[in-house]
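Q: Dropping the structure in here first, questions after.
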There are 2 protein chains.
Amino acid sequence: MKNLVKSVKGTRDFYPDEMAKRQWLIKKLAEASESFGYQMYDGPCLETIDLYAAKSGEELVKEQAFVFNDRGGDPITLRPELTPTLTRMVASRQNLLTFPLRWWSFGPFWRYERPQKGRTREFFQWNIDQIGSDSVQADAELIAVAATFFRKVGLTPDQVKILVNDRQLMDAELNKIGINAAQKSAMLRLIDRIDKLPADIWEEKALAEGLSADQVRAVRDLLGNYDLWKNSESMRQLFAALKDLGVEEYAAYEPKIIRGLDYYTGTVFEAHATNGEFRAILGGGHYANLVSDVGGNPLPGVGFAMGDVVIMLVLEAFGLIPADLVDPNTLFMTVFSVETLVESTRLASQLRAEGFKVIQAEPEKLAKQMKFADRLGLGRALVLGPEEIADGKVVVKDLHSFEQVSIPRGELVEFLRKRA
Amino acid sequence: MKNLVKSVKGTRDFYPDEMAKRQWLIKKLAEASESFGYQMYDGPCLETIDLYAAKSGEELVKEQAFVFNDRGGDPITLRPELTPTLTRMVASRQNLLTFPLRWWSFGPFWRYERPQKGRTREFFQWNIDQIGSDSVQADAELIAVAATFFRKVGLTPDQVKILVNDRQLMDAELNKIGINAAQKSAMLRLIDRIDKLPADIWEEKALAEGLSADQVRAVRDLLGNYDLWKNSESMRQLFAALKDLGVEEYAAYEPKIIRGLDYYTGTVFEAHATNGEFRAILGGGHYANLVSDVGGNPLPGVGFAMGDVVIMLVLEAFGLIPADLVDPNTLFMTVFSVETLVESTRLASQLRAEGFKVIQAEPEKLAKQMKFADRLGLGRALVLGPEEIADGKVVVKDLHSFEQVSIPRGELVEFLRKRA
């Protein structure tokens, strides 16, 4: 075989088996989104670089986005995330839309990162936002959507947890420790990294920000205080709302959760596998001001994003991806001989018109046809030989048990429906 | 309002209304594809430029593709079509796949063309192929898939036709006229353009290829001969098979259909609106040799591609896009007061667990809640005030007729299911 052309590093081919998994994932997240009345939307994959000049995406665009000039010389970006697009879309129809709007999306994104476990350069992302409400109920609803998704794919609260914090609470608590405004954002970044750095390095870095040893200890204590949420009225309301929504077992308070500094202003959350083996499954939070950076009027909201790569690794690790996603009801229409081909073709068409999925065989040896059906994992074959044609019957063959039964043509549809 | 950041020229925003149309289109073409047992697949949006060095995509890549260097300096192409990707995927697992394989796909593509009616730079395309069979039945099946799609979206044979031709037939007929091998590909290109050029210009160009006036007249006669297909055994078989498949009324023989020169080798087809107002809706045909250019062993196949832009214009022109694609069964859970919020939240959760879509209102004035539901086009609201809570009931309100009925909680799910 000659040298095959290779695919681009960090991209994936979705052969039917893999595609069936992707479609299964989309179905589950669509169900979760739509059970709360969220509507699907999408933006372009290409955006101007200006769109990402606003604060939230700057690092992403400078360091990780695919940016290039098109044939007309205009700089184009392959979207590395959806929020700036959402922002632009909401801002440009702000006076026409009905708020709070509930929108979700699923599509491809690109980041020029080093491909590794849980990271590809081309990936898919579920984005979901409620925009226009500043209430704790909205925050709780988004967490409930995430929990509902986990429930739908079979992930239990023992296997995954949605870790929740409140940025205003953290701000207030850091104030109490006497950390000043200049030190605060550096400290929040450090809190975000506390589990990634060795304890002594982390402390060194905190001291380097000008904190006293007492303050460093106080921050450490803060991050071990799982009752901290009780100091926050909105956290108390949030956990109560999660209980009303029936998803409290999926949520837990976690003082170390911080998320993006320039973006989130209130509730923040991240979902993790409890075994600690994977990157964050999804992350999001409450923002005070979605659209003013791109020229709209300020709008609060809450949302999260989930990539397809980590969740599929988690689902695979827990054995939760259905083994056989091929439709078991697809029928295999055999062809007895070239002479009976017409009859087989007609029957296949009639069954398709009745809503069945039917694959028609090539007019070759029956054994070869059956081997083909077997390799495709098909469950039932129809045989229409000269005898059956003369008798007005069809043989239905179970390809697993090899049982077969001869059915009058007039009763075939009903028979197949019953067994479907 | 400040200056809004603009979207990239030739791209589209899919607000929920537009997205619902795209999803409706996908549903219909998925149904058509899957009724014939085709499996969904997808390739990456990014491919190496080498992949398009094979003959079929060369013009596309040189003139129309978005090509750029990534941050590592590697040249990347945004896929302008799917066939080269399909080719690569099939070639790289040629020994593992079960042939004939039936695959379909739907996803985004990019071409740097001048945006105009029916053309955008970012568009979606339905691709469907049967690979590994050289039979007329395979060709007929693909045409039947297209016809089935048209039937499913409500397009009648009066409104659209799938125009069919045979490249081998045309080759034989041009031989009969004495057109030599050197002239043939230029003449095929000219035949492809006959309806786009004024008659005198077209004749000039044909004469310039070295044809005699008699030969030019003979070619013109050929292109007006709608019985020409009867000269071809495979065309006769094809039209017979289309009849067996119950889709003959959607198909018509058209001697002017040629399609891409370097690619198709047998049956070729294009679907057009019969009113002549639109570009081709879809196009495809039979190829002898899919994968050998990228290093695989030769494989025959048949397939077609349909962009989303033209078909949506056609469907809109014929009034066939359903007006209201919002799910009419979405329930609106009102909130009577802050005190009853918990009860409303719990009921909404219970109904979601039963499979209903439920949007929960903000705890604001009831009139404002109803206005919100009205703007979203929701059909039914649930009211749960202190009285209903005390009586164990729920009021179900029809938001179109304004009729309302009080239902015991225990009977609510059944009541809602019956009316859904």
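Simple scheme: letters A, B, ... for chains in structure tokens order, numbers from 1 for residues in each chain, numbers from 1 for ligands in the order shown.
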Set out as CSV a contact list for chain B and chain A with a cut-off of 7 Å, giving each residue of chain B that qualifies its closest atom pair and distance in Å to one decimal, counting only C-alpha atoms, ordered by chain and rising residue number.

A:
```
residue,atom,partner,partner_atom,distance
B:Met1,CA,A:Gly295,CA,6.0
B:Lys2,CA,A:Gly295,CA,4.4
B:Asn3,CA,A:Gly295,CA,5.7
B:Leu4,CA,A:Gly295,CA,5.1
B:Val5,CA,A:Val294,CA,6.0
B:Ser7,CA,A:Glu47,CA,6.0
B:Val8,CA,A:Glu47,CA,5.5
B:Thr11,CA,A:Pro44,CA,5.9
B:Arg12,CA,A:Pro44,CA,5.9
B:Asp13,CA,A:Gly43,CA,4.7
B:Phe14,CA,A:Asp42,CA,4.9
B:Tyr15,CA,A:Tyr41,CA,5.2
B:Pro16,CA,A:Tyr41,CA,4.8
B:Met19,CA,A:Tyr41,CA,5.4
B:Glu34,CA,A:Lys357,CA,6.1
B:Ser35,CA,A:Lys357,CA,4.0
B:Phe36,CA,A:Val358,CA,5.2
B:Gly37,CA,A:Ile359,CA,5.0
B:Gln39,CA,A:Pro16,CA,5.9
B:Met40,CA,A:Pro16,CA,5.6
B:Tyr41,CA,A:Pro16,CA,4.8
B:Asp42,CA,A:Phe14,CA,4.9
B:Gly43,CA,A:Asp13,CA,4.7
B:Pro44,CA,A:Thr11,CA,5.9
B:Leu46,CA,A:Val8,CA,6.6
B:Glu47,CA,A:Val8,CA,5.5
B:Thr48,CA,A:Val8,CA,5.9
B:Asp50,CA,A:Val5,CA,6.9
B:Leu51,CA,A:Val5,CA,6.0
B:Phe66,CA,A:Asp70,CA,6.4
B:Phe68,CA,A:Phe68,CA,6.1
B:Asp70,CA,A:Phe66,CA,6.4
B:Arg88,CA,A:Val5,CA,6.7
B:Ser92,CA,A:Leu4,CA,6.9
B:Thr98,CA,A:Arg375,CA,6.8
B:Asp244,CA,A:Arg346,CA,5.3
B:Leu245,CA,A:Ser349,CA,5.5
B:Gly246,CA,A:Ser349,CA,6.9
B:Val294,CA,A:Leu4,CA,5.6
B:Gly295,CA,A:Lys2,CA,4.4
B:Gly296,CA,A:Met1,CA,6.3
B:Thr330,CA,A:Gly37,CA,6.8
B:Val342,CA,A:Asp244,CA,6.2
B:Thr345,CA,A:Asp244,CA,6.1
B:Arg346,CA,A:Asp244,CA,5.3
B:Ser349,CA,A:Leu245,CA,5.5
B:Arg352,CA,A:Ser35,CA,5.8
B:Phe356,CA,A:Ser35,CA,6.2
B:Lys357,CA,A:Ser35,CA,4.0
B:Val358,CA,A:Phe36,CA,5.2
B:Ile359,CA,A:Gly37,CA,5.0
B:Arg375,CA,A:Thr98,CA,6.9
```

Q: Show which residues sit within 10 Å of A:Val310, as a PyMOL selection string. Count only C-alpha atoms, and ignore same-chain residues fewer than 3 positions away.

A: chain A and resi 117-119+272-273+278-282+306-307+313-316

Q: Name the residues in contact with B:Arg193 at a cut-off of 10 Å, using only C-alpha atoms, excluding same-chain residues fewer than 3 positions from it; report them as a list of chain:residue names.

A: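 Counting only the stated atoms, we get B:Met187, B:Leu188, B:Arg189, B:Leu190, B:Lys196, B:Leu197, B:Pro198, B:Trp202, B:Lys256, B:Ile257, B:Ile258.
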
Q: Using DSSP assignments from the backbone, pull out every residue in stretch 57-166 of chain B that falls under strand (DSSP E) and give it to me as a PyMOL selection string.

A: chain B and resi 66-69+75-78+101-110+122-131+160-166

Q: Skipping near chain neighbours, those fewer than 2 positions away, what residues fall within 9 Å of B:Leu163 using only C-alpha atoms, listed as a list in words?

A: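 Listed by chain and then number, they are Lys161, Asn165, Tyr250, Ala251, Ala252, Tyr253, Glu254, Pro255, Ile257, Val268, Phe269, Glu270, Ala271 and His272 of chain B.
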
Q: I'd like the contact shell of A:Phe106 - 7 Å cut-off, only C-alpha atoms, skipping same-chain residues fewer than 2 positions apart - returned as a VMD selection string.

A: chain A and resid 124 to 127

Q: List every residue of stretch 52-225 of chain B that DSSP, applied to the backbone of this structure, places in helix (DSSP H, G or I), and write the result as a PyMOL selection string.

A: chain B and resi 52-53+55-64+83-92+136-153+167-176+181-192+199-208+213-223

Q: Would you mind listing what lies within 8 Å of B:Lys28 as JSON, numbers by chain, with only C-alpha atoms counted and same-chain residues fewer than 5 positions away left out?

A: {"B": [149, 152, 153]}

Q: Would you write out those residues with all heavy atoms, as an mmCIF file, in the first residue's frame?

A:
```cif
data_model
loop_
_atom_site.group_PDB
_atom_site.id
_atom_site.type_symbol
_atom_site.label_atom_id
_atom_site.label_comp_id
_atom_site.auth_asym_id
_atom_site.auth_seq_id
_atom_site.Cartn_x
_atom_site.Cartn_y
_atom_site.Cartn_z
ATOM 1 N N PHE B 149 -35.808 11.850 0.513
ATOM 2 C CA PHE B 149 -35.647 13.112 1.238
ATOM 3 C C PHE B 149 -36.646 14.154 0.733
ATOM 4 O O PHE B 149 -37.322 14.814 1.525
ATOM 5 C CB PHE B 149 -34.215 13.623 1.101
ATOM 6 C CG PHE B 149 -34.065 15.062 1.498
ATOM 7 C CD1 PHE B 149 -34.085 15.446 2.839
ATOM 8 C CD2 PHE B 149 -33.933 16.050 0.528
ATOM 9 C CE1 PHE B 149 -33.978 16.781 3.197
ATOM 10 C CE2 PHE B 149 -33.820 17.386 0.873
ATOM 11 C CZ PHE B 149 -33.840 17.756 2.219
ATOM 12 N N LYS B 152 -40.008 13.453 2.002
ATOM 13 C CA LYS B 152 -40.139 13.715 3.438
ATOM 14 C C LYS B 152 -40.299 15.201 3.757
ATOM 15 O O LYS B 152 -40.960 15.562 4.720
ATOM 16 C CB LYS B 152 -38.928 13.154 4.203
ATOM 17 C CG LYS B 152 -39.049 11.652 4.442
ATOM 18 C CD LYS B 152 -37.874 11.110 5.239
ATOM 19 C CE LYS B 152 -37.924 9.593 5.296
ATOM 20 N NZ LYS B 152 -38.975 9.057 6.176
ATOM 21 N N VAL B 153 -39.652 16.063 2.959
ATOM 22 C CA VAL B 153 -39.809 17.500 3.223
ATOM 23 C C VAL B 153 -41.000 18.081 2.462
ATOM 24 O O VAL B 153 -41.272 19.282 2.563
ATOM 25 C CB VAL B 153 -38.532 18.310 2.876
ATOM 26 C CG1 VAL B 153 -37.406 17.950 3.822
ATOM 27 C CG2 VAL B 153 -38.136 18.128 1.421
#
```

Q: Between atom CA of A:Ala305 and atom CA of A:Val145, what is the spacing in Å?

A: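 About the pair atom CA of A:Val145 and atom CA of A:Ala305: they are 11.6 Å apart.
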
Q: For stretch 205-220 of chain B, find every residue with an atom within 9 Å (counting only C-alpha atoms), except residues of its own chain fewer than 3 positions away, and show them as JSON, numbers by chain.

A: {"B": [173, 174, 177, 178, 179, 183, 186, 187, 190, 191, 200, 201, 202, 223, 224, 225]}
